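Trainee: Before I ask anything, let me first share the structure, which is written out below as structure tokens.
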Amino acid sequence: MNADSRADSPAASAAIELIHVTKRFGDRVILNDVNLAIARGRTTALLGPSGTGKSTLLRLATGLLAPERGRVKTLGIDVFAASKSEVLALRRRMGMLFQDNALFGSLTVFDNVAFPLRRVARVNETIVRQRVAALLSMVGLPDVGDRTPDRLSGGQRKRIALARAIALEPELVLFDEPTSGLDPQTSASIDQLIRDTQQRLGITFVVITHDVESARLIADDVGMLDNGVVRVFGSRESVWASTDPVVRSFLDRVPVQQ
Ligand SMILES: Nc1ncnc2c1ncn2[C@@H]1O[C@H](COP(=O)(O)OP(=O)(O)OP(=O)(O)O)[C@@H](O)[C@H]1O
Ligand SMILES: [Mg+2]
């Protein structure tokens, strides 16, 4: 399936839209009047140096943090104008992959992936078994259901976290640094899995990363945050062709003068 054929115009039906968003922590302005529209049905990578507010942006999109100014719309819901029950319903339409995977250490892989199916969707056990088997196959680990996460490699844990994040067939999946802490070859295999999964499901993936190579491999669109602003946003090709010196030095990994 071609992701491009599913893409709508970004402004008309954005997966995540920030409208004049300002977020501060104390005196520090983390996001400064940010406008951004992330398109549905494709993979968008958000790049930027450490501490530029990438994770903060994800937490705004899920309603876990409130902005000082501006509006955040996720899957068409104005997150901070919506009621609590509307935000809970919105979160069920989203999957989240945390940097540390957030797997339950005392549960088997099977029970980790089954968790949202049992606790949130409350589907019967026959369907749970079928769905978990299909999800484990999809992430390339059909035979590890009986293990606990501590008996998996870092890359395998990431695969299981992805299986759990897509178990409820979300419309949008947010990834926070999916390849950090992985060796280069494992990172490349996770990038490939992210790419393949997005193309198979045709849903929206938003991937926060400071891994330039990873963004180049997985993203249809790329944004770069720097110093509280979106320095560049557009198709991967257009961003890679950017002549903005800040963007160039980040993409070309020019060392920062300390
Ligand atoms: N709850 C908080 N209270 C105070 N400061 C915070 C809080 N959360 C984040 N910050 C600060 O806001 C800035 C942006 O944080 P954020 O985690 O969004 O950055 P990031 O771009 O995800 O960085 P990294 O690439 O290192 O994960 C950082 O300087 C961080 O220390
Ligand atoms: Mg972060």
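Scheme for the structure tokens: letters A, B, ... for chains in order shown; per-chain residue numbers from 1; ligand numbers from 1 in order shown.
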Enumerate residues in contact with ligand 2: an atom-to-atom distance of at most 12 Å, counting only C-alpha atoms and all ligand atoms. Format the result as number ranges by chain.
Mentor: A: 46-59, 98-100, 175-178, 180, 207-211, 225
Trainee: May I have the residues within 6 Å of Leu31 of chain A as a short mmCIF file (atom, residue, chain, number, x, y, z; two decimals) with all heavy atoms, in the first residue's frame, using only C-alpha atoms and disregarding those fewer than 6 positions away in the same chain?
Mentor:
```cif
data_model
loop_
_atom_site.label_atom_id
_atom_site.label_comp_id
_atom_site.auth_asym_id
_atom_site.auth_seq_id
_atom_site.Cartn_x
_atom_site.Cartn_y
_atom_site.Cartn_z
N THR A 22 2.43 28.14 22.83
CA THR A 22 3.58 28.51 23.66
C THR A 22 3.56 27.66 24.92
O THR A 22 2.52 27.51 25.57
CB THR A 22 3.53 30.01 24.02
OG1 THR A 22 3.68 30.77 22.82
CG2 THR A 22 4.64 30.39 25.00
N LYS A 23 4.69 27.01 25.21
CA LYS A 23 4.82 26.21 26.42
C LYS A 23 6.05 26.65 27.19
O LYS A 23 7.15 26.72 26.64
CB LYS A 23 4.95 24.72 26.05
CG LYS A 23 5.14 23.81 27.24
CD LYS A 23 3.90 23.77 28.12
CE LYS A 23 4.20 23.26 29.52
NZ LYS A 23 3.12 23.59 30.46
N GLY A 228 12.94 26.44 20.47
CA GLY A 228 11.55 26.82 20.68
C GLY A 228 10.73 27.05 19.43
O GLY A 228 9.55 27.38 19.53
#
```
Trainee: Would you kindly return, as a list in words, each protein, DNA or RNA residue with an atom no farther than 7 Å from any atom of segment 141-150 of chain A, considering only C-alpha atoms and excluding same-chain residues fewer than 2 positions away?
Mentor: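 The residues that qualify are Gly105, Ser106, Leu107, Thr108, Val109, Phe110, Ala133, Leu136, Ser137, Val139, Leu152 and Arg157 of chain A.
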Trainee: Write out the residues from the selection above, keeping all heavy atoms, as a JSON list (two decimals), in the first residue's frame.
Mentor:
```
[["chain", "number", "residue", "atom", "x", "y", "z"],
["A", 105, "GLY", "N", 7.23, -5.82, 33.53],
["A", 105, "GLY", "CA", 8.28, -6.81, 33.72],
["A", 105, "GLY", "C", 7.81, -8.13, 34.28],
["A", 105, "GLY", "O", 8.41, -9.18, 34.04],
["A", 106, "SER", "N", 6.70, -8.09, 35.02],
["A", 106, "SER", "CA", 6.24, -9.33, 35.66],
["A", 106, "SER", "C", 5.28, -10.11, 34.76],
["A", 106, "SER", "O", 4.90, -11.22, 35.10],
["A", 106, "SER", "CB", 5.54, -8.99, 36.98],
["A", 106, "SER", "OG", 4.46, -8.13, 36.71],
["A", 107, "LEU", "N", 4.91, -9.54, 33.63],
["A", 107, "LEU", "CA", 3.99, -10.24, 32.72],
["A", 107, "LEU", "C", 4.77, -10.84, 31.56],
["A", 107, "LEU", "O", 5.81, -10.31, 31.16],
["A", 107, "LEU", "CB", 2.95, -9.26, 32.15],
["A", 107, "LEU", "CG", 2.00, -8.58, 33.11],
["A", 107, "LEU", "CD1", 0.98, -7.75, 32.32],
["A", 107, "LEU", "CD2", 1.28, -9.59, 33.99],
["A", 108, "THR", "N", 4.26, -11.92, 31.00],
["A", 108, "THR", "CA", 4.87, -12.48, 29.79],
["A", 108, "THR", "C", 4.65, -11.51, 28.63],
["A", 108, "THR", "O", 3.80, -10.60, 28.69],
["A", 108, "THR", "CB", 4.23, -13.82, 29.40],
["A", 108, "THR", "OG1", 2.85, -13.57, 29.11],
["A", 108, "THR", "CG2", 4.36, -14.86, 30.51],
["A", 109, "VAL", "N", 5.40, -11.76, 27.56],
["A", 109, "VAL", "CA", 5.21, -10.99, 26.33],
["A", 109, "VAL", "C", 3.75, -11.10, 25.87],
["A", 109, "VAL", "O", 3.12, -10.09, 25.52],
["A", 109, "VAL", "CB", 6.18, -11.53, 25.24],
["A", 109, "VAL", "CG1", 5.75, -11.07, 23.86],
["A", 109, "VAL", "CG2", 7.61, -11.10, 25.56],
["A", 110, "PHE", "N", 3.22, -12.31, 25.89],
["A", 110, "PHE", "CA", 1.83, -12.51, 25.47],
["A", 110, "PHE", "C", 0.90, -11.60, 26.28],
["A", 110, "PHE", "O", 0.07, -10.87, 25.73],
["A", 110, "PHE", "CB", 1.43, -13.99, 25.65],
["A", 110, "PHE", "CG", 0.05, -14.28, 25.15],
["A", 110, "PHE", "CD1", -0.17, -14.82, 23.89],
["A", 110, "PHE", "CD2", -1.07, -13.99, 25.95],
["A", 110, "PHE", "CE1", -1.46, -15.08, 23.43],
["A", 110, "PHE", "CE2", -2.36, -14.22, 25.49],
["A", 110, "PHE", "CZ", -2.56, -14.77, 24.24],
["A", 133, "ALA", "N", -1.33, -13.44, 18.56],
["A", 133, "ALA", "CA", -0.50, -14.24, 17.64],
["A", 133, "ALA", "C", -0.23, -13.45, 16.36],
["A", 133, "ALA", "O", 0.90, -13.42, 15.85],
["A", 133, "ALA", "CB", -1.21, -15.56, 17.33],
["A", 136, "LEU", "N", 2.27, -10.59, 17.16],
["A", 136, "LEU", "CA", 3.65, -11.06, 17.36],
["A", 136, "LEU", "C", 4.27, -11.46, 16.02],
["A", 136, "LEU", "O", 5.46, -11.20, 15.77],
["A", 136, "LEU", "CB", 3.69, -12.21, 18.36],
["A", 136, "LEU", "CG", 3.35, -11.85, 19.80],
["A", 136, "LEU", "CD1", 3.39, -13.08, 20.70],
["A", 136, "LEU", "CD2", 4.29, -10.76, 20.35],
["A", 137, "SER", "N", 3.48, -12.04, 15.14],
["A", 137, "SER", "CA", 4.00, -12.37, 13.80],
["A", 137, "SER", "C", 4.34, -11.10, 13.04],
["A", 137, "SER", "O", 5.37, -11.01, 12.37],
["A", 137, "SER", "CB", 2.97, -13.14, 12.98],
["A", 137, "SER", "OG", 2.83, -14.41, 13.50],
["A", 139, "VAL", "N", 5.36, -8.30, 14.07],
["A", 139, "VAL", "CA", 6.62, -7.68, 14.49],
["A", 139, "VAL", "C", 7.80, -8.66, 14.42],
["A", 139, "VAL", "O", 8.89, -8.38, 14.91],
["A", 139, "VAL", "CB", 6.53, -7.03, 15.90],
["A", 139, "VAL", "CG1", 5.46, -5.94, 15.90],
["A", 139, "VAL", "CG2", 6.25, -8.07, 16.98],
["A", 152, "LEU", "N", 14.49, -10.77, 26.71],
["A", 152, "LEU", "CA", 14.54, -10.30, 25.32],
["A", 152, "LEU", "C", 15.67, -9.29, 25.16],
["A", 152, "LEU", "O", 16.07, -8.63, 26.12],
["A", 152, "LEU", "CB", 13.22, -9.60, 24.96],
["A", 152, "LEU", "CG", 11.93, -10.41, 25.05],
["A", 152, "LEU", "CD1", 10.74, -9.48, 24.77],
["A", 152, "LEU", "CD2", 11.94, -11.56, 24.06],
["A", 157, "ARG", "N", 12.50, -6.10, 22.60],
["A", 157, "ARG", "CA", 11.57, -5.38, 23.50],
["A", 157, "ARG", "C", 10.86, -4.26, 22.74],
["A", 157, "ARG", "O", 9.68, -4.02, 22.93],
["A", 157, "ARG", "CB", 12.31, -4.82, 24.71],
["A", 157, "ARG", "CG", 12.61, -5.87, 25.77],
["A", 157, "ARG", "CD", 12.90, -5.24, 27.12],
["A", 157, "ARG", "NE", 14.27, -4.75, 27.18],
["A", 157, "ARG", "CZ", 15.31, -5.48, 27.55],
["A", 157, "ARG", "NH1", 15.15, -6.75, 27.90],
["A", 157, "ARG", "NH2", 16.52, -4.97, 27.58]]
```
Trainee: I need the residues in segment 169-239 of chain A that are strand (DSSP E or B) according to DSSP; give them as a ChimeraX atom specification.
Mentor: /A:172-176,204-208,221-226,229-235
Trainee: Generate the output file for the selected residues, C-alpha atoms, as a short mmCIF file (atom, residue, chain, number, x, y, z; two decimals), in the first residue's frame.
Mentor:
```
data_model
loop_
_atom_site.label_atom_id
_atom_site.label_comp_id
_atom_site.auth_asym_id
_atom_site.auth_seq_id
_atom_site.Cartn_x
_atom_site.Cartn_y
_atom_site.Cartn_z
CA LEU A 172 -2.16 7.49 15.37
CA VAL A 173 0.99 6.07 16.96
CA LEU A 174 3.50 8.30 18.75
CA PHE A 175 7.08 7.06 19.11
CA ASP A 176 9.53 8.72 21.50
CA THR A 204 -0.30 7.99 11.11
CA PHE A 205 3.08 7.57 12.75
CA VAL A 206 4.82 10.44 14.50
CA VAL A 207 8.38 9.63 15.45
CA ILE A 208 10.41 11.82 17.76
CA ASP A 221 7.65 14.31 6.26
CA VAL A 222 10.26 15.80 8.56
CA GLY A 223 10.16 18.67 11.03
CA MET A 224 13.01 20.10 13.00
CA LEU A 225 12.61 21.88 16.32
CA ASP A 226 15.30 24.25 17.47
CA VAL A 229 10.57 27.09 17.02
CA VAL A 230 9.92 24.79 14.09
CA ARG A 231 12.98 25.57 12.04
CA VAL A 232 11.87 23.55 9.02
CA PHE A 233 8.91 21.34 8.13
CA GLY A 234 8.06 19.56 4.89
CA SER A 235 8.61 16.48 2.79
#
```
Trainee: Excluding Arg129 of chain A and any residue of its chain fewer than 4 positions from it, enumerate the residues within 10 Å of it, using only C-alpha atoms, and give them as a count of residues only.
Mentor: 9
Trainee: What does the structure give for the distance between atom CA of Pro255 of chain A and atom CA of Ser187 of chain A, in Å to one decimal?
Mentor: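 Distance reported for this atom pair: 22.3 Å.
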Trainee: Determine the nearest neighbour of ligand 1 from the options A:Arg92, A:Asn227, A:Thr44, A:Leu36, counting only C-alpha atoms and all ligand atoms.
Mentor: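 When distances to ligand 1 are compared using only C-alpha atoms and all ligand atoms, the smallest one comes from A:Asn227.
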